[in-house]
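Undergrad: Got a structure for you, entry.txt, holding compact mmCIF, C-alpha atoms.
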```
# COMPACT_ATOMS: atom_id res chain seq x y z
CA MET K 1 0.00 0.00 0.00
CA LYS K 2 1.40 3.38 -1.03
CA GLU K 3 2.12 5.66 1.90
CA SER K 4 0.69 9.16 2.07
CA LYS K 5 3.07 11.78 0.76
CA LEU K 6 4.42 14.06 3.47
CA SER K 7 6.09 17.44 3.25
CA ASP K 8 8.18 19.18 5.90
CA THR K 9 4.96 20.60 7.33
CA GLY K 10 2.89 17.42 7.14
CA TYR K 11 0.56 15.94 4.55
CA ASP K 12 0.81 17.42 1.05
CA TRP K 13 -2.76 18.60 0.62
CA GLN K 14 -2.03 20.35 -2.67
CA GLN K 15 -1.62 17.10 -4.58
CA ILE K 16 -5.14 15.95 -3.75
CA PHE K 17 -7.10 19.20 -4.15
CA ALA K 18 -9.82 19.30 -6.82
CA THR K 19 -8.86 21.18 -9.97
CA ARG K 20 -11.27 23.98 -9.05
CA ALA K 21 -9.32 24.67 -5.85
CA GLY K 22 -6.67 26.38 -7.99
CA ARG K 23 -9.27 28.99 -8.92
CA ILE K 24 -9.97 29.86 -5.28
CA CYS K 25 -7.73 32.70 -4.16
CA ALA K 26 -7.61 34.99 -1.16
CA SER K 27 -9.56 38.22 -1.37
CA GLU K 28 -7.28 41.23 -1.41
CA ILE K 29 -9.91 43.07 0.61
CA ARG K 30 -10.06 40.41 3.32
CA GLU K 31 -6.26 40.35 3.49
CA LEU K 32 -6.19 44.13 3.82
CA LEU K 33 -8.65 44.03 6.71
CA LYS K 34 -6.05 42.15 8.76
CA ILE K 35 -3.75 45.18 8.91
CA LEU K 36 -6.29 47.95 9.36
CA ASP K 37 -6.23 47.92 13.15
CA GLN K 38 -2.67 49.18 13.19
CA PRO K 39 -2.28 52.51 15.02
CA GLY K 40 -2.63 55.56 12.79
CA MET K 41 -3.96 53.64 9.78
CA ILE K 42 -6.70 55.37 7.78
CA SER K 43 -8.80 52.89 5.83
CA PHE K 44 -10.74 53.49 2.65
CA ALA K 45 -10.56 49.75 1.94
CA GLY K 46 -13.44 47.56 3.12
CA GLY K 47 -17.00 48.51 2.22
CA ILE K 48 -18.03 48.10 5.84
CA PRO K 49 -21.11 49.64 7.46
CA ASP K 50 -20.46 51.99 10.36
CA PRO K 51 -21.17 50.01 13.58
CA ALA K 52 -22.25 53.25 15.27
CA LEU K 53 -25.31 53.09 13.00
CA PHE K 54 -26.34 49.53 13.91
CA PRO K 55 -29.79 49.40 15.61
CA VAL K 56 -28.29 47.86 18.75
CA ASP K 57 -31.18 48.77 21.06
CA ALA K 58 -33.81 47.43 18.66
CA ILE K 59 -31.88 44.19 18.12
CA SER K 60 -31.34 43.74 21.85
CA ALA K 61 -35.03 44.36 22.57
CA ALA K 62 -36.07 41.84 19.90
CA TYR K 63 -33.88 39.10 21.39
CA ASP K 64 -35.11 40.00 24.87
CA ARG K 65 -38.78 39.72 23.85
CA LEU K 66 -38.08 36.41 22.20
CA PHE K 67 -36.43 34.83 25.25
CA ARG K 68 -39.15 36.09 27.56
CA ASP K 69 -41.60 33.83 25.72
CA PRO K 70 -40.57 30.19 26.37
CA ALA K 71 -42.53 28.77 23.43
CA ARG K 72 -41.05 31.26 20.96
CA ALA K 73 -37.59 30.78 22.46
CA ARG K 74 -37.76 27.03 21.88
CA GLN K 75 -38.86 27.64 18.29
CA ALA K 76 -36.04 30.14 17.76
CA LEU K 77 -33.38 27.70 19.00
CA GLN K 78 -34.65 24.78 16.89
CA TYR K 79 -34.04 23.70 13.30
CA SER K 80 -36.39 25.25 10.76
CA ILE K 81 -37.20 24.73 7.09
CA SER K 82 -34.48 25.37 4.50
CA GLU K 83 -36.58 27.91 2.59
CA GLY K 84 -36.44 30.21 5.60
CA TYR K 85 -38.74 31.44 8.36
CA LEU K 86 -42.15 31.87 6.69
CA PRO K 87 -43.14 35.21 8.32
CA LEU K 88 -39.81 36.69 7.24
CA ARG K 89 -40.27 35.46 3.67
CA GLU K 90 -43.77 36.92 3.65
CA ASN K 91 -42.39 40.22 4.90
CA ILE K 92 -39.70 40.22 2.22
CA ALA K 93 -42.35 39.44 -0.42
CA ARG K 94 -44.20 42.59 0.74
CA TYR K 95 -40.95 44.55 0.56
CA MET K 96 -40.41 43.31 -3.00
CA ALA K 97 -43.97 44.32 -3.86
CA ASN K 98 -43.15 47.86 -2.72
CA LEU K 99 -40.26 47.77 -5.20
CA GLY K 100 -42.65 46.75 -7.98
CA VAL K 101 -42.12 42.98 -7.89
CA THR K 102 -45.32 41.02 -7.27
CA CYS K 103 -44.27 37.75 -5.69
CA HIS K 104 -45.13 35.19 -3.02
CA ALA K 105 -43.18 33.77 -0.08
CA ASP K 106 -42.53 30.71 -2.26
CA ASN K 107 -40.48 32.97 -4.55
CA ILE K 108 -38.12 33.79 -1.67
CA LEU K 109 -35.18 31.78 -0.33
CA ILE K 110 -33.38 33.07 2.79
CA THR K 111 -29.59 32.88 2.40
CA ASN K 112 -26.64 33.38 4.69
CA GLY K 113 -26.03 36.89 3.35
CA SER K 114 -26.30 37.67 -0.34
CA GLN K 115 -22.81 36.19 -0.78
CA GLN K 116 -24.22 32.72 -0.18
CA GLY K 117 -26.86 33.50 -2.78
CA LEU K 118 -24.13 34.17 -5.35
CA ASP K 119 -22.41 30.92 -4.42
CA PHE K 120 -25.65 28.97 -4.85
CA ILE K 121 -26.29 30.60 -8.22
CA GLY K 122 -22.80 29.63 -9.35
CA LYS K 123 -23.33 26.09 -8.12
CA VAL K 124 -26.68 25.59 -9.84
CA PHE K 125 -25.70 27.06 -13.23
CA ILE K 126 -21.96 26.83 -13.90
CA SER K 127 -20.22 23.77 -15.32
CA PRO K 128 -16.48 23.80 -16.11
CA LYS K 129 -15.75 25.97 -19.19
CA ASP K 130 -19.09 27.76 -18.97
CA SER K 131 -18.97 31.56 -19.02
CA VAL K 132 -20.60 34.34 -17.05
CA LEU K 133 -21.22 37.79 -18.50
CA VAL K 134 -19.85 40.41 -16.07
CA ALA K 135 -19.00 44.10 -16.12
CA ALA K 136 -15.42 45.35 -16.01
CA PRO K 137 -14.87 46.13 -13.19
CA THR K 138 -17.27 44.02 -11.13
CA TYR K 139 -17.77 42.83 -7.56
CA LEU K 140 -14.79 40.77 -6.41
CA GLY K 141 -16.93 38.53 -4.18
CA ALA K 142 -19.01 37.46 -7.17
CA LEU K 143 -15.87 36.46 -9.07
CA GLN K 144 -14.69 34.46 -6.06
CA ALA K 145 -18.06 32.67 -5.84
CA PHE K 146 -18.17 31.83 -9.55
CA ASN K 147 -14.47 30.90 -9.78
CA ALA K 148 -15.11 27.97 -7.46
CA TYR K 149 -17.15 26.36 -10.24
CA GLU K 150 -14.43 26.85 -12.87
CA SER K 151 -16.18 29.63 -14.72
CA SER K 152 -14.78 31.69 -17.56
CA TYR K 153 -15.94 35.26 -18.18
CA ALA K 154 -17.19 37.41 -21.01
CA THR K 155 -16.90 41.15 -20.50
CA LEU K 156 -20.15 43.12 -20.59
CA ASP K 157 -19.86 46.41 -22.47
CA MET K 158 -22.97 48.54 -22.08
CA ASN K 159 -21.98 50.42 -25.25
CA ASP K 160 -21.95 47.21 -27.29
CA LEU K 161 -24.89 44.92 -26.56
CA ASN K 162 -24.60 42.75 -29.65
CA ALA K 163 -25.90 39.31 -28.69
CA ASP K 164 -23.85 37.51 -31.38
CA LYS K 165 -20.64 38.93 -29.93
CA TYR K 166 -21.40 37.54 -26.48
CA ARG K 167 -22.42 34.16 -27.87
CA GLN K 168 -19.03 33.98 -29.56
CA ASP K 169 -17.23 35.10 -26.40
CA GLY K 170 -18.97 32.35 -24.43
CA ALA K 171 -18.20 29.71 -27.04
CA LYS K 172 -14.47 30.55 -27.00
CA ALA K 173 -14.12 29.01 -23.55
CA GLY K 174 -15.61 25.75 -24.80
CA GLY K 175 -18.86 25.85 -22.82
CA ARG K 176 -22.06 27.88 -22.70
CA LEU K 177 -22.80 31.43 -21.67
CA LYS K 178 -24.90 30.74 -18.56
CA PHE K 179 -26.02 34.07 -17.08
CA ALA K 180 -25.26 37.76 -16.79
CA TYR K 181 -24.36 39.35 -13.45
CA VAL K 182 -24.72 43.05 -12.63
CA VAL K 183 -24.80 45.37 -9.62
CA PRO K 184 -27.21 47.96 -11.04
CA ASP K 185 -27.35 50.39 -8.10
CA PHE K 186 -24.19 52.18 -6.87
CA ALA K 187 -22.07 49.28 -8.05
CA ASN K 188 -19.25 47.75 -6.09
CA PRO K 189 -16.62 48.89 -7.03
CA SER K 190 -17.43 51.66 -9.52
CA GLY K 191 -20.27 53.39 -7.66
CA GLN K 192 -22.16 53.71 -10.94
CA THR K 193 -25.91 53.17 -11.41
CA LEU K 194 -27.59 51.80 -14.50
CA THR K 195 -30.33 53.96 -15.97
CA ARG K 196 -33.75 52.50 -16.65
CA GLU K 197 -32.89 52.48 -20.36
CA SER K 198 -29.73 50.48 -19.66
CA ARG K 199 -31.69 48.00 -17.55
CA GLU K 200 -34.22 47.55 -20.33
CA SER K 201 -31.37 47.04 -22.81
CA LEU K 202 -29.86 44.36 -20.55
CA LEU K 203 -33.20 42.58 -20.39
CA LYS K 204 -33.40 42.65 -24.17
CA LEU K 205 -29.85 41.29 -24.47
CA THR K 206 -30.37 38.46 -21.99
CA GLY K 207 -33.65 37.67 -23.75
CA GLU K 208 -31.84 37.35 -27.07
CA LEU K 209 -29.18 35.20 -25.40
CA ASN K 210 -31.85 33.20 -23.52
CA ILE K 211 -29.94 33.41 -20.24
CA PRO K 212 -30.87 34.55 -16.71
CA LEU K 213 -29.88 37.96 -15.38
CA VAL K 214 -28.59 38.08 -11.80
CA GLU K 215 -29.37 41.42 -10.12
CA ASP K 216 -27.18 42.03 -7.06
CA ALA K 217 -29.06 44.70 -5.09
CA ALA K 218 -26.82 44.89 -2.01
CA TYR K 219 -26.66 48.70 -2.00
CA SER K 220 -30.03 49.62 -3.49
CA GLU K 221 -31.38 51.32 -0.33
CA LEU K 222 -28.34 53.57 0.03
CA ARG K 223 -29.46 56.33 -2.34
CA TYR K 224 -28.41 59.92 -1.57
CA ASP K 225 -29.24 61.77 -4.79
CA GLY K 226 -31.49 61.43 -7.81
CA GLU K 227 -34.61 59.44 -8.53
CA ARG K 228 -34.89 55.78 -7.63
CA VAL K 229 -34.69 53.44 -10.63
CA PRO K 230 -36.92 50.35 -10.56
CA PRO K 231 -35.16 47.01 -10.01
CA ILE K 232 -34.51 45.06 -13.18
CA GLN K 233 -36.79 42.34 -11.83
CA ALA K 234 -39.60 44.88 -11.43
CA ILE K 235 -39.18 46.02 -15.02
CA GLU K 236 -39.24 42.46 -16.34
CA SER K 237 -42.14 41.31 -14.17
CA ALA K 238 -44.42 44.23 -15.03
CA GLY K 239 -47.50 42.68 -16.60
CA ARG K 240 -46.35 39.09 -16.22
CA PRO K 241 -46.02 36.54 -13.38
CA ILE K 242 -42.62 36.41 -11.74
CA ASP K 243 -42.50 32.67 -12.43
CA GLN K 244 -42.18 33.57 -16.12
CA CYS K 245 -39.20 35.88 -15.51
CA ARG K 246 -35.47 35.20 -15.88
CA THR K 247 -34.23 37.89 -13.48
CA ILE K 248 -32.79 36.63 -10.19
CA TYR K 249 -32.80 39.26 -7.45
CA CYS K 250 -30.24 38.98 -4.63
CA GLY K 251 -30.96 41.15 -1.60
CA THR K 252 -29.41 41.61 1.84
CA PHE K 253 -29.98 43.39 5.13
CA SER K 254 -26.24 43.58 5.88
CA LYS K 255 -25.84 47.16 4.67
CA THR K 256 -29.02 48.51 6.25
CA TYR K 257 -29.24 46.62 9.57
CA ALA K 258 -26.21 44.55 10.61
CA PRO K 259 -23.90 42.19 8.69
CA SER K 260 -23.56 39.58 11.44
CA LEU K 261 -27.26 38.69 11.33
CA ARG K 262 -26.34 37.16 7.94
CA ILE K 263 -29.78 37.57 6.40
CA GLY K 264 -29.91 37.76 2.64
CA TRP K 265 -32.43 36.46 0.15
CA ILE K 266 -32.99 35.38 -3.42
CA CYS K 267 -36.24 36.33 -5.16
CA ALA K 268 -36.86 34.37 -8.35
CA SER K 269 -39.12 32.01 -10.26
CA ARG K 270 -40.41 29.13 -8.11
CA PRO K 271 -38.83 26.36 -10.26
CA LEU K 272 -35.41 27.94 -9.64
CA ILE K 273 -36.10 28.55 -5.93
CA SER K 274 -37.05 24.87 -5.55
CA LYS K 275 -33.67 23.79 -6.92
CA LEU K 276 -31.81 26.35 -4.80
CA VAL K 277 -33.58 25.02 -1.68
CA LEU K 278 -32.02 21.62 -2.38
CA ILE K 279 -28.61 23.29 -2.62
CA LYS K 280 -29.29 25.04 0.69
CA GLN K 281 -30.09 21.67 2.28
CA GLY K 282 -26.78 20.26 1.09
CA SER K 283 -24.84 23.33 2.20
CA ASP K 284 -25.87 24.46 5.69
CA LEU K 285 -29.48 23.23 6.02
CA ILE K 286 -30.85 26.52 7.37
CA ASN K 287 -30.02 30.06 8.34
CA SER K 288 -30.01 30.74 12.06
CA THR K 289 -33.69 30.52 13.05
CA ILE K 290 -33.28 32.99 15.88
CA ASN K 291 -31.66 35.59 13.64
CA GLN K 292 -34.45 35.21 11.09
CA ILE K 293 -37.10 35.78 13.75
CA VAL K 294 -35.25 38.84 15.06
CA MET K 295 -34.81 40.20 11.53
CA ASN K 296 -38.52 39.80 10.93
CA GLU K 297 -39.28 41.83 14.05
CA LEU K 298 -36.88 44.57 12.95
CA LEU K 299 -38.69 44.80 9.63
CA GLN K 300 -41.97 45.57 11.37
CA ALA K 301 -40.78 49.17 11.78
CA GLY K 302 -40.22 49.39 8.02
CA MET K 303 -37.12 49.81 5.89
CA GLN K 304 -37.65 53.55 5.50
CA GLU K 305 -36.91 54.15 9.17
CA ARG K 306 -33.46 52.59 8.76
CA VAL K 307 -32.82 54.47 5.52
CA ASN K 308 -33.66 57.74 7.27
CA VAL K 309 -31.00 56.99 9.90
CA ILE K 310 -28.10 55.79 7.79
CA CYS K 311 -28.35 57.65 4.48
CA PRO K 312 -27.73 61.20 5.81
CA VAL K 313 -24.54 60.00 7.52
CA TYR K 314 -23.17 58.23 4.44
CA ARG K 315 -24.23 61.11 2.19
CA GLN K 316 -22.16 63.55 4.24
CA ARG K 317 -19.11 61.28 4.05
CA ARG K 318 -19.47 60.81 0.30
CA ASP K 319 -19.77 64.57 -0.18
CA ARG K 320 -16.68 65.22 1.95
CA MET K 321 -14.61 62.69 0.04
CA LEU K 322 -15.69 64.16 -3.30
CA GLN K 323 -14.80 67.64 -2.04
CA MET K 324 -11.37 66.50 -0.90
CA LEU K 325 -10.65 64.65 -4.15
CA LYS K 326 -11.49 67.79 -6.09
CA ALA K 327 -9.37 69.97 -3.81
CA LYS K 328 -6.31 67.74 -3.46
CA MET K 329 -5.82 65.32 -6.35
CA PRO K 330 -3.23 66.28 -8.97
CA PRO K 331 -4.01 66.57 -12.70
CA GLY K 332 -4.65 63.28 -14.48
CA VAL K 333 -6.66 61.71 -11.64
CA THR K 334 -10.40 61.23 -12.23
CA TRP K 335 -13.19 59.63 -10.21
CA THR K 336 -16.85 58.68 -10.31
CA THR K 337 -19.60 60.65 -8.54
CA PRO K 338 -21.92 57.98 -7.10
CA GLU K 339 -25.55 58.75 -6.31
CA GLY K 340 -25.36 56.32 -3.37
CA GLY K 341 -23.64 53.25 -2.01
CA MET K 342 -20.25 53.14 -0.34
CA PHE K 343 -17.64 53.54 -3.09
CA ILE K 344 -15.83 55.99 -5.31
CA TRP K 345 -13.82 54.59 -8.23
CA VAL K 346 -10.60 56.45 -8.96
CA THR K 347 -8.67 56.28 -12.24
CA LEU K 348 -4.99 57.16 -11.91
CA PRO K 349 -2.55 58.35 -14.56
CA LYS K 350 -1.68 55.44 -16.85
CA GLU K 351 1.87 55.12 -15.58
CA LEU K 352 0.71 54.25 -12.06
CA ASP K 353 -0.13 50.78 -10.77
CA GLY K 354 -2.73 50.73 -7.98
CA ALA K 355 -1.17 47.70 -6.26
CA GLN K 356 2.25 49.32 -6.15
CA LEU K 357 0.73 52.59 -5.01
CA LEU K 358 -0.99 50.75 -2.15
CA GLN K 359 2.33 49.46 -0.81
CA THR K 360 3.73 52.99 -0.84
CA ALA K 361 0.58 54.39 0.74
CA LEU K 362 0.62 51.82 3.55
CA ARG K 363 4.30 52.34 4.24
CA GLU K 364 4.61 56.11 3.89
CA ALA K 365 1.13 57.54 4.37
CA ARG K 366 -0.64 54.95 6.56
CA VAL K 367 -3.61 54.92 4.16
CA ALA K 368 -5.33 51.79 2.81
CA PHE K 369 -7.51 51.31 -0.26
CA VAL K 370 -8.24 48.45 -2.65
CA PRO K 371 -6.29 48.31 -5.92
CA GLY K 372 -8.66 48.27 -8.89
CA SER K 373 -7.10 45.32 -10.71
CA SER K 374 -8.78 42.96 -8.20
CA PHE K 375 -12.16 43.71 -9.72
CA TYR K 376 -11.45 42.59 -13.29
CA ALA K 377 -12.27 39.07 -14.43
CA ASN K 378 -10.22 39.20 -17.62
CA GLU K 379 -7.86 41.94 -18.74
CA LYS K 380 -6.69 43.84 -15.66
CA VAL K 381 -6.77 47.64 -15.57
CA ARG K 382 -4.07 48.51 -13.07
CA ASN K 383 -4.21 52.31 -12.85
CA THR K 384 -7.37 52.25 -10.72
CA MET K 385 -8.38 52.05 -7.06
CA ARG K 386 -11.56 51.78 -5.00
CA LEU K 387 -12.13 54.17 -2.11
CA SER K 388 -14.80 53.47 0.49
CA PHE K 389 -16.19 56.37 2.54
CA SER K 390 -18.66 54.42 4.71
CA LEU K 391 -16.52 53.97 7.81
CA ALA K 392 -14.28 57.05 7.77
CA SER K 393 -14.87 60.21 9.79
CA ASP K 394 -14.63 63.64 8.18
CA ALA K 395 -11.19 64.11 9.71
CA GLU K 396 -10.00 60.74 8.40
CA ILE K 397 -11.34 61.54 4.94
CA GLU K 398 -9.58 64.90 4.93
CA ASN K 399 -6.26 63.52 6.18
CA GLY K 400 -6.41 60.31 4.16
CA VAL K 401 -7.23 61.91 0.81
CA THR K 402 -4.57 64.57 1.39
CA ARG K 403 -1.94 61.91 2.12
CA LEU K 404 -2.98 59.88 -0.93
CA ALA K 405 -2.85 62.94 -3.15
CA ASN K 406 0.67 63.71 -1.94
CA ILE K 407 1.79 60.13 -2.67
CA ILE K 408 0.28 60.26 -6.18
CA GLN K 409 1.79 63.68 -6.86
CA ALA K 410 5.20 62.47 -5.78
CA ALA K 411 4.89 59.39 -8.00
CA THR K 412 3.89 61.35 -11.10
CA GLY K 413 5.75 64.62 -10.53
CA ARG K 414 2.59 66.56 -11.36
```
The structure given in the file should be rewritten as structure tokens.

TA:
Amino acid sequence: MKESKLSDTGYDWQQIFATRAGRICASEIRELLKILDQPGMISFAGGIPDPALFPVDAISAAYDRLFRDPARARQALQYSISEGYLPLRENIARYMANLGVTCHADNILITNGSQQGLDFIGKVFISPKDSVLVAAPTYLGALQAFNAYESSYATLDMNDLNADKYRQDGAKAGGRLKFAYVVPDFANPSGQTLTRESRESLLKLTGELNIPLVEDAAYSELRYDGERVPPIQAIESAGRPIDQCRTIYCGTFSKTYAPSLRIGWICASRPLISKLVLIKQGSDLINSTINQIVMNELLQAGMQERVNVICPVYRQRRDRMLQMLKAKMPPGVTWTTPEGGMFIWVTLPKELDGAQLLQTALREARVAFVPGSSFYANEKVRNTMRLSFSLASDAEIENGVTRLANIIQAATGR
């Protein structure tokens, strides 16, 4: 019998990993978070909600009420159904109706944050060599989720929505083009929002390609300026049952309430939800029942109450960062002006590399950000960076942007 191969540090796990394991890499953002507690560090890196805005008292009161009722406490501490706590799904269905999506609790699956929803979507659709249509740049967490299933990528260009081109791009990898993925509101990382016309054009494109459209709505409630644009799912489902629609809506309460509750959801056609429930059963069985019950109680006050608390704070921070960028950045640096969300996308002079700039900024200026190349599935654009304003105070924004501007000016001589 052949003995197990050992290395100096023990068993050689690498030689037995599945081929897909080579596609699973560390998130640059998660790695950055490990160094952000260092003294004097100013972080524009993680898109993290401000914990000072968490509804701590309301959450505490909800848990307290629950444990004061022995019958409800026993229910909350028990297993539940994989679809999710029915009253919460009914509440989310009402929330979706307010967004223009007429649906039923059976159209809702509760997930462990919207990130798990993306993982499940990758698992149910992607076979090796299949392709996903994504923007450039796009959300890094989505790429990580889809990479695990050995996906390739076609780059979505909103200025060129020729279906034949994307069919050819998908075929080049040897598989099928399986779905399109977009963050239509205040996108991570670009901060940009798709107009209604662009959303309708995407629906037309995915219709011609006969593929689903995954709508990641993680930031949709964080609007500070402009008119709200209907969700893509609302546009598609107008005048037809949701069970006839191809749009898959991924929502979360992490940005509006608290990330650690880990309550996200997928709203989609019932045949798809039924298959995703089976994936949920094979993954983690259920979300925390107690957290679902508490989340349902929090929703009784209505989403608008939370929006009224958090949006003015984030709006002020966005405005301050935009003001400082305008005042301090040298010529050749440009940036987006998001109507909401948590991010500003900065384009540097072509000679600069965001990853190299980060090392200098950490070492010399004690400022952290995320290099833009992390957010590209295919050809990397390196003279970019993502700045998050959600967690920084006005003073940190002022000092951090000034330090960054000085580093960039020194690097370019402008």

Undergrad: Can you work out which one of K:Thr247, K:Thr195, K:Ser114, K:Gln75 has the shortest atom-to-atom distance to Arg228 (chain K), counting all atoms listed in the file?

TA: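 Of K:Thr247, K:Thr195, K:Ser114, K:Gln75, the one nearest Arg228 (chain K), counting all atoms listed in the file, is K:Thr195.
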
Undergrad: Separation of CA of Pro49 (chain K) and CA of Lys255 (chain K), in Å?

TA: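 Rounded to one decimal, the two atoms are 6.0 Å apart.
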
Undergrad: So which one's closest to Arg199 (chain K), K:Gln292, K:Gln233, K:Thr334, K:Asn378? Using all atoms listed in the file, please.

TA: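 Closest candidate: K:Gln233.
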
Undergrad: For Ala377 (chain K), which residue out of K:Phe44, K:Phe146, K:Trp13, K:Tyr153 is the nearest one, using only C-alpha atoms?

TA: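 Once distances to Ala377 (chain K) are computed over only C-alpha atoms, the minimum belongs to K:Tyr153.
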
Undergrad: Which one of K:Asn91, K:Leu298, K:Thr289, K:Thr347 sits closest to Ala73 (chain K) if you count all atoms listed in the file?

TA: K:Thr289

Undergrad: Between CA of Tyr181 (chain K) and CA of Val134 (chain K), what distance in Å does the model show, to one decimal?

TA: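 CA of Val134 (chain K) lies at a distance of 5.3 Å from CA of Tyr181 (chain K).
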
Undergrad: Given the choices K:Leu86, K:Leu99, K:Met385, K:Ala368, which gets closest to Asp353 (chain K) if the distance is worked out from all atoms listed in the file?

TA: K:Met385

Undergrad: Neighbours of Leu156 (chain K) within 10 Å (all atoms listed in the file; same-chain residues fewer than 2 positions away dropped), as a list of chain:residue names?

TA: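 Listing them by chain and then by number gives K:Val132, K:Leu133, K:Val134, K:Ala135, K:Ala136, K:Pro137, K:Thr138, K:Tyr153, K:Ala154, K:Met158, K:Asn159, K:Asp160, K:Leu161, K:Tyr166, K:Ala180, K:Tyr181, K:Val182, K:Leu202.
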
Undergrad: Rank K:Arg315, K:Lys350, K:Lys280, K:Arg270 by their smallest atom-to-atom distance to Ile81 (chain K), using all atoms listed in the file, and report the top residue only.

TA: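 Using all atoms listed in the file, the shortest distance to Ile81 (chain K) belongs to K:Lys280.
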
Undergrad: To one decimal place, how far is CA of Arg246 (chain K) from CA of Pro212 (chain K) in Å?

TA: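 Separation of CA of Arg246 (chain K) and CA of Pro212 (chain K): 4.7 Å.
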
Undergrad: How close does region 256-340 of chain K get to region 62-68 of chain K? List, as JSON lines, each residue of region 256-340 of chain K within 10 Å, its nearest atom pair and the distance in Å to one decimal, counting all atoms listed in the file.

TA:
```
{"residue": "K:Ile290", "atom": "CA", "partner": "K:Tyr63", "partner_atom": "CA", "distance": 8.2}
{"residue": "K:Asn291", "atom": "CA", "partner": "K:Tyr63", "partner_atom": "CA", "distance": 8.8}
{"residue": "K:Ile293", "atom": "CA", "partner": "K:Leu66", "partner_atom": "CA", "distance": 8.5}
{"residue": "K:Val294", "atom": "CA", "partner": "K:Ala62", "partner_atom": "CA", "distance": 5.8}
{"residue": "K:Met295", "atom": "CA", "partner": "K:Ala62", "partner_atom": "CA", "distance": 8.6}
{"residue": "K:Asn296", "atom": "CA", "partner": "K:Ala62", "partner_atom": "CA", "distance": 9.5}
{"residue": "K:Glu297", "atom": "CA", "partner": "K:Ala62", "partner_atom": "CA", "distance": 6.7}
{"residue": "K:Leu298", "atom": "CA", "partner": "K:Ala62", "partner_atom": "CA", "distance": 7.5}
```

Undergrad: For the residues selected in the previous step, produce a file with C-alpha atoms as a compact mmCIF listing (two decimals), in the coordinates of the input.

TA:
```txt
# COMPACT_ATOMS: atom_id res chain seq x y z
CA ILE K 290 -33.28 32.99 15.88
CA ASN K 291 -31.66 35.59 13.64
CA ILE K 293 -37.10 35.78 13.75
CA VAL K 294 -35.25 38.84 15.06
CA MET K 295 -34.81 40.20 11.53
CA ASN K 296 -38.52 39.80 10.93
CA GLU K 297 -39.28 41.83 14.05
CA LEU K 298 -36.88 44.57 12.95
```

Undergrad: As a PyMOL selection string, please: the residues near Tyr139 (chain K) (cut-off 8 Å, all atoms listed in the file, same-chain neighbours under 6 positions excluded).

TA: chain K and resi 183+187-189+375

Undergrad: With all atoms listed in the file as the counted atoms, please give the residues lying no more than 8 Å from region 300-311 of chain K, apart from itself and same-chain residues fewer than 4 positions off, as a PyMOL selection string.

TA: chain K and resi 53+221-224+256-257+296+315

Undergrad: Provide an axis-aligned box for all listed atoms of region 139-155 of chain K, padding each side by 4 Å; report its centre and its edge lengths in Å to one decimal, as lines of an AutoDock Vina configuration file.

TA:
```
center_x = -16.7
center_y = 34.6
center_z = -12.6
size_x = 12.6
size_y = 24.5
size_z = 24.8
```

Undergrad: How would you write as number ranges by chain the residues that get within 12 Å of (-37.1, 54.2, -10.3) in the file's frame, counting all atoms listed in the file?

TA: K: 98-100, 184-185, 193-197, 199, 220-221, 223, 226-235

Undergrad: Would you list the contacts of Asn112 (chain K) as a ChimeraX atom specification, taking every protein, DNA or RNA residue within 10 Å and counting all atoms listed in the file, but skipping same-chain residues closer than 2 positions in sequence?

TA: /K:110,114-117,252,260-265,280,284,286-288
